[in-house]
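Source file: model-v3.pdb. Holds: PDB, C-alpha atoms and all ligand atoms.
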```
ATOM      1  CA  MET A 199      12.200 -14.677 -40.130  1.00  0.00           C
ATOM      2  CA  THR A 200       8.673 -13.558 -39.241  1.00  0.00           C
ATOM      3  CA  TYR A 201       8.185 -16.929 -37.594  1.00  0.00           C
ATOM      4  CA  LEU A 202      11.324 -16.470 -35.525  1.00  0.00           C
ATOM      5  CA  LEU A 203      10.235 -12.957 -34.519  1.00  0.00           C
ATOM      6  CA  THR A 204       6.871 -14.304 -33.373  1.00  0.00           C
ATOM      7  CA  VAL A 205       8.502 -17.051 -31.374  1.00  0.00           C
ATOM      8  CA  THR A 206      10.952 -14.584 -29.843  1.00  0.00           C
ATOM      9  CA  SER A 207       8.304 -12.039 -28.860  1.00  0.00           C
ATOM     10  CA  GLY A 208       6.139 -14.871 -27.513  1.00  0.00           C
ATOM     11  CA  LEU A 209       9.049 -15.990 -25.413  1.00  0.00           C
ATOM     12  CA  VAL A 210       9.678 -12.450 -24.158  1.00  0.00           C
ATOM     13  CA  THR A 211       5.994 -12.202 -23.184  1.00  0.00           C
ATOM     14  CA  ALA A 212       6.155 -15.531 -21.364  1.00  0.00           C
ATOM     15  CA  VAL A 213       9.325 -14.536 -19.535  1.00  0.00           C
ATOM     16  CA  SER A 214       7.927 -11.137 -18.484  1.00  0.00           C
ATOM     17  CA  LEU A 215       4.646 -12.777 -17.369  1.00  0.00           C
ATOM     18  CA  ALA A 216       6.611 -15.234 -15.265  1.00  0.00           C
ATOM     19  CA  ALA A 217       8.690 -12.374 -13.840  1.00  0.00           C
ATOM     20  CA  ALA A 218       5.510 -10.451 -12.991  1.00  0.00           C
ATOM     21  CA  ALA A 219       4.062 -13.529 -11.274  1.00  0.00           C
ATOM     22  CA  LEU A 220       7.278 -13.937  -9.270  1.00  0.00           C
ATOM     23  CA  ALA A 221       7.213 -10.252  -8.291  1.00  0.00           C
ATOM     24  CA  ASP A 222       3.547 -10.613  -7.215  1.00  0.00           C
ATOM     25  CA  GLU A 223       4.493 -13.654  -5.184  1.00  0.00           C
ATOM     26  CA  ALA A 224       7.378 -11.817  -3.503  1.00  0.00           C
ATOM     27  CA  THR A 225       5.056  -8.895  -2.684  1.00  0.00           C
ATOM     28  CA  ALA A 226       2.438 -11.287  -1.274  1.00  0.00           C
ATOM     29  CA  ILE A 227       5.016 -13.088   0.890  1.00  0.00           C
ATOM     30  CA  LYS A 228       6.384  -9.779   2.185  1.00  0.00           C
ATOM     31  CA  SER A 229       2.854  -8.594   3.021  1.00  0.00           C
ATOM     32  CA  ALA A 230       2.006 -11.887   4.768  1.00  0.00           C
ATOM     33  CA  GLU A 231       5.226 -11.851   6.795  1.00  0.00           C
ATOM     34  CA  SER A 232       4.545  -8.298   8.013  1.00  0.00           C
ATOM     35  CA  ALA A 233       1.741  -9.632  10.238  1.00  0.00           C
ATOM     36  CA  ALA A 234       3.998 -11.454  12.725  1.00  0.00           C
ATOM     37  CA  PRO A 235       7.325 -10.867  14.495  1.00  0.00           C
ATOM     38  CA  PRO A 236      10.125 -11.574  11.963  1.00  0.00           C
ATOM     39  CA  ALA A 237      11.346 -14.709  13.772  1.00  0.00           C
ATOM     40  CA  VAL A 238       7.848 -16.238  13.582  1.00  0.00           C
ATOM     41  CA  ALA A 239       7.098 -15.062  10.040  1.00  0.00           C
ATOM     42  CA  ALA A 240      10.409 -16.404   8.676  1.00  0.00           C
ATOM     43  CA  GLY A 241       9.396 -19.993   9.456  1.00  0.00           C
ATOM     44  CA  ALA A 242       5.698 -19.722   8.610  1.00  0.00           C
ATOM     45  CA  THR A 243       3.860 -21.383   5.744  1.00  0.00           C
ATOM     46  CA  ILE A 244       2.595 -18.666   3.391  1.00  0.00           C
ATOM     47  CA  TYR A 245      -0.830 -19.037   1.778  1.00  0.00           C
ATOM     48  CA  SER A 246      -2.546 -16.783  -0.703  1.00  0.00           C
ATOM     49  CA  VAL A 247      -6.303 -16.749  -1.127  1.00  0.00           C
ATOM     50  CA  ASP A 248      -7.936 -15.728  -4.412  1.00  0.00           C
ATOM     51  CA  ALA A 249     -11.227 -13.844  -4.783  1.00  0.00           C
ATOM     52  CA  GLY A 250     -13.114 -17.154  -4.910  1.00  0.00           C
ATOM     53  CA  GLY A 251     -11.618 -18.293  -1.589  1.00  0.00           C
ATOM     54  CA  ALA A 252      -9.267 -20.903  -3.100  1.00  0.00           C
ATOM     55  CA  MET A 253      -6.004 -21.233  -1.183  1.00  0.00           C
ATOM     56  CA  THR A 254      -2.552 -21.632  -2.727  1.00  0.00           C
ATOM     57  CA  THR A 255       0.643 -22.408  -0.811  1.00  0.00           C
ATOM     58  CA  LEU A 256       3.320 -19.876  -1.774  1.00  0.00           C
ATOM     59  CA  ARG A 257       5.914 -21.282   0.625  1.00  0.00           C
ATOM     60  CA  GLU A 258       6.075 -24.279   2.969  1.00  0.00           C
ATOM     61  CA  GLY A 259       6.971 -23.413   6.558  1.00  0.00           C
ATOM     62  CA  THR A 260       8.801 -25.140   9.386  1.00  0.00           C
ATOM     63  CA  ASN A 261       7.447 -23.740  12.668  1.00  0.00           C
ATOM     64  CA  GLY A 262       3.720 -24.593  12.601  1.00  0.00           C
ATOM     65  CA  PHE A 263       2.642 -21.008  11.950  1.00  0.00           C
ATOM     66  CA  TRP A 264       0.975 -19.740   8.766  1.00  0.00           C
ATOM     67  CA  CYS A 265       0.568 -16.269   7.233  1.00  0.00           C
ATOM     68  CA  MET A 266      -1.673 -14.723   4.574  1.00  0.00           C
ATOM     69  CA  PRO A 267      -1.132 -11.430   2.696  1.00  0.00           C
ATOM     70  CA  ASP A 268      -3.334  -8.340   2.803  1.00  0.00           C
ATOM     71  CA  TYR A 269      -6.803  -8.827   1.326  1.00  0.00           C
ATOM     72  CA  PRO A 270      -7.032  -6.119  -1.365  1.00  0.00           C
ATOM     73  CA  GLY A 271     -10.857  -5.952  -1.186  1.00  0.00           C
ATOM     74  CA  SER A 272     -10.763  -4.161   2.185  1.00  0.00           C
ATOM     75  CA  PRO A 273      -9.768  -0.505   2.569  1.00  0.00           C
ATOM     76  CA  GLY A 274      -6.825  -1.036   4.962  1.00  0.00           C
ATOM     77  CA  PRO A 275      -3.987  -3.538   5.399  1.00  0.00           C
ATOM     78  CA  ASP A 276      -4.997  -6.837   6.998  1.00  0.00           C
ATOM     79  CA  PRO A 277      -2.351  -9.540   6.568  1.00  0.00           C
ATOM     80  CA  MET A 278      -2.466 -12.183   9.287  1.00  0.00           C
ATOM     81  CA  CYS A 279      -0.472 -15.019  10.826  1.00  0.00           C
ATOM     82  CA  GLY A 280      -1.580 -17.688  13.252  1.00  0.00           C
ATOM     83  CA  ASP A 281      -0.978 -21.072  14.829  1.00  0.00           C
ATOM     84  CA  ALA A 282      -2.436 -24.404  13.692  1.00  0.00           C
ATOM     85  CA  ASN A 283      -5.588 -24.113  15.842  1.00  0.00           C
ATOM     86  CA  SER A 284      -6.320 -20.678  14.410  1.00  0.00           C
ATOM     87  CA  MET A 285      -6.206 -22.113  10.869  1.00  0.00           C
ATOM     88  CA  GLU A 286      -8.920 -24.608  11.853  1.00  0.00           C
ATOM     89  CA  TRP A 287     -10.907 -21.650  13.173  1.00  0.00           C
ATOM     90  CA  VAL A 288     -10.390 -19.684   9.909  1.00  0.00           C
ATOM     91  CA  MET A 289     -11.493 -22.716   7.848  1.00  0.00           C
ATOM     92  CA  ALA A 290     -14.598 -23.131  10.046  1.00  0.00           C
ATOM     93  CA  TRP A 291     -15.459 -19.457   9.580  1.00  0.00           C
ATOM     94  CA  LEU A 292     -14.966 -19.577   5.778  1.00  0.00           C
ATOM     95  CA  GLY A 293     -16.950 -22.832   5.583  1.00  0.00           C
ATOM     96  CA  LYS A 294     -19.687 -21.543   7.943  1.00  0.00           C
ATOM     97  CA  LYS A 295     -19.102 -24.501  10.273  1.00  0.00           C
ATOM     98  CA  ASP A 296     -18.639 -24.662  14.054  1.00  0.00           C
ATOM     99  CA  PRO A 297     -14.982 -24.279  15.089  1.00  0.00           C
ATOM    100  CA  PRO A 298     -13.552 -27.469  16.666  1.00  0.00           C
ATOM    101  CA  LYS A 299     -14.215 -27.708  20.416  1.00  0.00           C
ATOM    102  CA  GLY A 300     -11.366 -26.941  22.803  1.00  0.00           C
ATOM    103  CA  LYS A 301      -8.927 -25.712  20.149  1.00  0.00           C
ATOM    104  CA  VAL A 302      -8.138 -22.184  21.293  1.00  0.00           C
ATOM    105  CA  GLY A 303      -6.082 -20.390  18.644  1.00  0.00           C
ATOM    106  CA  PHE A 304      -3.716 -17.435  18.575  1.00  0.00           C
ATOM    107  CA  MET A 305      -3.168 -14.975  15.717  1.00  0.00           C
ATOM    108  CA  PHE A 306      -0.972 -11.993  14.933  1.00  0.00           C
ATOM    109  CA  MET A 307      -2.116  -8.947  12.919  1.00  0.00           C
ATOM    110  CA  LEU A 308       0.832  -6.642  13.543  1.00  0.00           C
ATOM    111  CA  SER A 309       0.162  -4.572  10.396  1.00  0.00           C
ATOM    112  CA  GLY A 310      -3.359  -3.810  11.620  1.00  0.00           C
ATOM    113  CA  GLY A 311      -6.748  -5.015  10.505  1.00  0.00           C
ATOM    114  CA  SER A 312      -9.586  -3.783   8.294  1.00  0.00           C
ATOM    115  CA  ASP A 313     -12.922  -5.551   8.818  1.00  0.00           C
ATOM    116  CA  SER A 314     -16.264  -4.965   7.140  1.00  0.00           C
ATOM    117  CA  SER A 315     -18.186  -5.314  10.420  1.00  0.00           C
ATOM    118  CA  ASN A 316     -17.640  -5.868  14.147  1.00  0.00           C
ATOM    119  CA  THR A 317     -20.903  -7.777  14.484  1.00  0.00           C
ATOM    120  CA  ASP A 318     -21.434  -9.725  11.234  1.00  0.00           C
ATOM    121  CA  PRO A 319     -18.752 -12.301  10.277  1.00  0.00           C
ATOM    122  CA  TYR A 320     -20.006 -12.352   6.676  1.00  0.00           C
ATOM    123  CA  ALA A 321     -20.633  -8.641   5.997  1.00  0.00           C
ATOM    124  CA  GLU A 322     -19.114  -7.664   2.661  1.00  0.00           C
ATOM    125  CA  GLY A 323     -19.033  -3.962   3.388  1.00  0.00           C
ATOM    126  CA  PRO A 324     -20.638  -1.143   5.311  1.00  0.00           C
ATOM    127  CA  ALA A 325     -24.445  -0.967   5.340  1.00  0.00           C
ATOM    128  CA  GLU A 326     -27.186   0.697   7.381  1.00  0.00           C
ATOM    129  CA  GLY A 327     -26.313   0.079  11.030  1.00  0.00           C
ATOM    130  CA  ASN A 328     -22.993  -1.520  10.096  1.00  0.00           C
ATOM    131  CA  ASN A 329     -19.605   0.099   9.709  1.00  0.00           C
ATOM    132  CA  TRP A 330     -16.085  -0.797   8.648  1.00  0.00           C
ATOM    133  CA  ILE A 331     -13.887  -1.322  11.642  1.00  0.00           C
ATOM    134  CA  THR A 332     -10.205  -0.437  11.618  1.00  0.00           C
ATOM    135  CA  THR A 333      -7.787  -1.741  14.233  1.00  0.00           C
ATOM    136  CA  GLY A 334      -4.101  -0.968  14.641  1.00  0.00           C
ATOM    137  CA  PRO A 335      -1.488  -3.659  15.241  1.00  0.00           C
ATOM    138  CA  HIS A 336      -3.081  -6.368  17.384  1.00  0.00           C
ATOM    139  CA  VAL A 337      -3.119 -10.030  18.338  1.00  0.00           C
ATOM    140  CA  MET A 338      -6.236 -12.206  18.534  1.00  0.00           C
ATOM    141  CA  VAL A 339      -7.425 -15.095  20.654  1.00  0.00           C
ATOM    142  CA  VAL A 340      -9.941 -17.208  18.723  1.00  0.00           C
ATOM    143  CA  ASN A 341     -12.239 -20.076  19.694  1.00  0.00           C
ATOM    144  CA  ALA A 342     -12.052 -19.185  23.404  1.00  0.00           C
ATOM    145  CA  MET A 343     -15.689 -18.324  24.177  1.00  0.00           C
ATOM    146  CA  ASP A 344     -15.300 -18.314  27.975  1.00  0.00           C
ATOM    147  CA  MET A 345     -12.696 -15.572  27.677  1.00  0.00           C
ATOM    148  CA  MET A 346     -14.989 -12.996  26.007  1.00  0.00           C
ATOM    149  CA  THR A 347     -17.065 -12.086  29.080  1.00  0.00           C
ATOM    150  CA  GLY A 348     -16.826  -8.469  30.157  1.00  0.00           C
ATOM    151  CA  TYR A 349     -15.112  -7.085  27.056  1.00  0.00           C
ATOM    152  CA  PRO A 350     -16.842  -4.432  24.893  1.00  0.00           C
ATOM    153  CA  ALA A 351     -18.580  -6.002  21.895  1.00  0.00           C
ATOM    154  CA  GLU A 352     -20.631  -3.243  20.256  1.00  0.00           C
ATOM    155  CA  ALA A 353     -20.538  -2.347  16.536  1.00  0.00           C
ATOM    156  CA  THR A 354     -18.174   0.586  17.095  1.00  0.00           C
ATOM    157  CA  PRO A 355     -15.834  -0.306  19.982  1.00  0.00           C
ATOM    158  CA  ASP A 356     -12.735   1.679  20.931  1.00  0.00           C
ATOM    159  CA  THR A 357     -10.200  -0.334  18.912  1.00  0.00           C
ATOM    160  CA  THR A 358      -7.265   1.002  20.951  1.00  0.00           C
ATOM    161  CA  GLN A 359      -8.376  -1.290  23.803  1.00  0.00           C
ATOM    162  CA  PRO A 360      -9.244  -5.001  23.893  1.00  0.00           C
ATOM    163  CA  TYR A 361     -12.694  -5.804  22.468  1.00  0.00           C
ATOM    164  CA  VAL A 362     -14.726  -8.687  21.072  1.00  0.00           C
ATOM    165  CA  MET A 363     -15.302  -9.013  17.343  1.00  0.00           C
ATOM    166  CA  TRP A 364     -18.327 -10.994  16.041  1.00  0.00           C
ATOM    167  CA  ALA A 365     -19.792 -11.507  19.543  1.00  0.00           C
ATOM    168  CA  ASP A 366     -22.674 -13.992  19.923  1.00  0.00           C
ATOM    169  CA  THR A 367     -21.520 -15.972  16.874  1.00  0.00           C
ATOM    170  CA  PRO A 368     -19.342 -19.122  16.824  1.00  0.00           C
ATOM    171  CA  TYR A 369     -16.559 -16.845  15.516  1.00  0.00           C
ATOM    172  CA  ALA A 370     -16.425 -14.399  18.457  1.00  0.00           C
ATOM    173  CA  HIS A 371     -12.794 -13.559  19.151  1.00  0.00           C
ATOM    174  CA  LEU A 372     -10.770 -11.226  21.319  1.00  0.00           C
ATOM    175  CA  MET A 373      -8.925  -8.390  19.578  1.00  0.00           C
ATOM    176  CA  ILE A 374      -5.976  -7.170  21.668  1.00  0.00           C
ATOM    177  CA  PRO A 375      -4.093  -4.051  20.503  1.00  0.00           C
ATOM    178  CA  VAL A 376      -0.337  -4.192  21.031  1.00  0.00           C
ATOM    179  CA  ASN A 377       0.694  -0.581  20.282  1.00  0.00           C
TER     180      ASN A 377
HETATM  181 CU    CU B 401      -7.690  -9.156  13.737  1.00  0.00          CU
END
```
Could you quickly redo this structure as structure tokens?
Amino acid sequence: MTYLLTVTSGLVTAVSLAAAALADEATAIKSAESAAPPAVAAGATIYSVDAGGAMTTLREGTNGFWCMPDYPGSPGPDPMCGDANSMEWVMAWLGKKDPPKGKVGFMFMLSGGSDSSNTDPYAEGPAEGNNWITTGPHVMVVNAMDMMTGYPAEATPDTTQPYVMWADTPYAHLMIPVN
């Protein structure tokens, strides 16, 4: 009887753990999808990234776009979606490599963005001379260096107007508010 009880409660634990994982997954997918227009998000591949940077596919897509949920380590929401070229750009940034030549990418961040720095692609938080930067709903053009000329690029730009993030690095990109 004790044995059966143990098995049963073990099973209940396993089932509730699985349910919790499914709920987490549903929350992550919903967060990821909130970054793009619904018609784009519905067909996108959904990835989640753990604290160590490892990527898991939560759902295979059909339209060539991808989305990732909010990163909980930053103070504000920052889920994102993008096209295939922008994924190559993201992988180059994470791997500290040069983005592939000629592959201009497009991204959506329609739930807004929360970045640890406008000048340092690898800042982990605010520091002396460096601030968090919060942007409302926006889209981004990445890996298009020739396009950046003439846009503001300082550490504290007006984020209600187009500006350059991470200027003078291989990861400079145009941030374009849409609200
Ligand atoms: Cu952004």
* Within 8 Å of Gly241 (chain A) using only C-alpha atoms, minus same-chain residues under 3 positions, as a ChimeraX atom specification -> /A:237-238,259-263
Ligand CU 401 (chain B) neighbours within 10 Å using all atoms listed in the file, as an mmCIF file with C-alpha atoms, in the frame of the given file:
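As written to disk, pocket-v5.cif reads:
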```
data_model
loop_
_atom_site.group_PDB
_atom_site.id
_atom_site.type_symbol
_atom_site.label_atom_id
_atom_site.label_comp_id
_atom_site.auth_asym_id
_atom_site.auth_seq_id
_atom_site.Cartn_x
_atom_site.Cartn_y
_atom_site.Cartn_z
ATOM 1 C CA ASP A 276 -4.997 -6.837 6.998
ATOM 2 C CA PRO A 277 -2.351 -9.540 6.568
ATOM 3 C CA MET A 278 -2.466 -12.183 9.287
ATOM 4 C CA CYS A 279 -0.472 -15.019 10.826
ATOM 5 C CA MET A 305 -3.168 -14.975 15.717
ATOM 6 C CA PHE A 306 -0.972 -11.993 14.933
ATOM 7 C CA MET A 307 -2.116 -8.947 12.919
ATOM 8 C CA LEU A 308 0.832 -6.642 13.543
ATOM 9 C CA SER A 309 0.162 -4.572 10.396
ATOM 10 C CA GLY A 310 -3.359 -3.810 11.620
ATOM 11 C CA GLY A 311 -6.748 -5.015 10.505
ATOM 12 C CA SER A 312 -9.586 -3.783 8.294
ATOM 13 C CA ASP A 313 -12.922 -5.551 8.818
ATOM 14 C CA THR A 332 -10.205 -0.437 11.618
ATOM 15 C CA THR A 333 -7.787 -1.741 14.233
ATOM 16 C CA GLY A 334 -4.101 -0.968 14.641
ATOM 17 C CA PRO A 335 -1.488 -3.659 15.241
ATOM 18 C CA HIS A 336 -3.081 -6.368 17.384
ATOM 19 C CA VAL A 337 -3.119 -10.030 18.338
ATOM 20 C CA MET A 338 -6.236 -12.206 18.534
ATOM 21 C CA VAL A 339 -7.425 -15.095 20.654
ATOM 22 C CA VAL A 340 -9.941 -17.208 18.723
ATOM 23 C CA MET A 363 -15.302 -9.013 17.343
ATOM 24 C CA HIS A 371 -12.794 -13.559 19.151
ATOM 25 C CA LEU A 372 -10.770 -11.226 21.319
ATOM 26 C CA MET A 373 -8.925 -8.390 19.578
ATOM 27 C CA ILE A 374 -5.976 -7.170 21.668
ATOM 28 C CA PRO A 375 -4.093 -4.051 20.503
#
```
* Distance criterion (only C-alpha atoms): nearest to Leu292 (chain A) out of A:Gly250, A:Gly280, A:Ala240, A:Glu258 ->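 Once distances to Leu292 (chain A) are computed over only C-alpha atoms, the minimum belongs to A:Gly250.
Evaluated against this file, the PyMOL selection byres (((chain A and resi 355) around 12) and not hetatm) yields Ser315, Asn316, Thr317, Asn329, Trp330, Ile331, Thr332, Thr333, Tyr349, Pro350, Ala351, Glu352, Ala353, Thr354, Asp356, Thr357, Thr358, Gln359, Pro360, Tyr361, Val362, Met363, Trp364, Ala365 and Met373 of chain A.
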If you apply the PyMOL selection byres (((chain A and resi 369) around 10) and not hetatm) to this file, what residues do you get, as a compact mmCIF listing (two decimals) with C-alpha atoms, in the frame of the given file?
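Final output, saved to expr.txt:
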```
# COMPACT_ATOMS: atom_id res chain seq x y z
CA TRP A 287 -10.91 -21.65 13.17
CA VAL A 288 -10.39 -19.68 9.91
CA ALA A 290 -14.60 -23.13 10.05
CA TRP A 291 -15.46 -19.46 9.58
CA LYS A 294 -19.69 -21.54 7.94
CA LYS A 295 -19.10 -24.50 10.27
CA ASP A 296 -18.64 -24.66 14.05
CA PRO A 297 -14.98 -24.28 15.09
CA ASP A 318 -21.43 -9.72 11.23
CA PRO A 319 -18.75 -12.30 10.28
CA VAL A 340 -9.94 -17.21 18.72
CA ASN A 341 -12.24 -20.08 19.69
CA ALA A 342 -12.05 -19.18 23.40
CA MET A 343 -15.69 -18.32 24.18
CA MET A 363 -15.30 -9.01 17.34
CA TRP A 364 -18.33 -10.99 16.04
CA ALA A 365 -19.79 -11.51 19.54
CA ASP A 366 -22.67 -13.99 19.92
CA THR A 367 -21.52 -15.97 16.87
CA PRO A 368 -19.34 -19.12 16.82
CA ALA A 370 -16.42 -14.40 18.46
CA HIS A 371 -12.79 -13.56 19.15
CA LEU A 372 -10.77 -11.23 21.32
```
* State, in Å with one decimal place, the distance from CA of Phe304 (chain A) to CA of Ala221 (chain A). => 29.9 Å
* **Pairwise distance for CA of Met266 (chain A) and CA of Tyr245 (chain A), rounded to one decimal in Å** =>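 CA of Tyr245 (chain A) lies at a distance of 5.2 Å from CA of Met266 (chain A).
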* **Picked residues, the PyMOL selection byres (((chain A and resi 222-230) around 7) and not hetatm), as a PyMOL selection string** => chain A and resi 218-221+231-233+244+265-268+277-278
* CA of Ala242 (chain A) to CA of Pro273 (chain A), distance in Å rounded to a single decimal ->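 According to the coordinates, CA of Ala242 (chain A) and CA of Pro273 (chain A) are separated by 25.4 Å.
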* Nearest to Val302 (chain A): which of A:Trp264, A:Asp248, A:Met289, A:Ala282 is it, counting only C-alpha atoms? ->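 Among A:Trp264, A:Asp248, A:Met289, A:Ala282, it is A:Ala282 that comes nearest to Val302 (chain A).
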* Best match for closeness to Thr243 (chain A) among A:Pro324, A:Met285, A:Leu215, A:Tyr269, counting all atoms listed in the file ->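 Answer, going by the shortest atom-to-atom distance: A:Met285.
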* Rank nothing, just name the residue among A:Ala234, A:Met345, A:Ala321, A:Pro270 nearest to Val247 (chain A), using only C-alpha atoms. =>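 For Val247 (chain A), the nearest of the given residues is A:Pro270.
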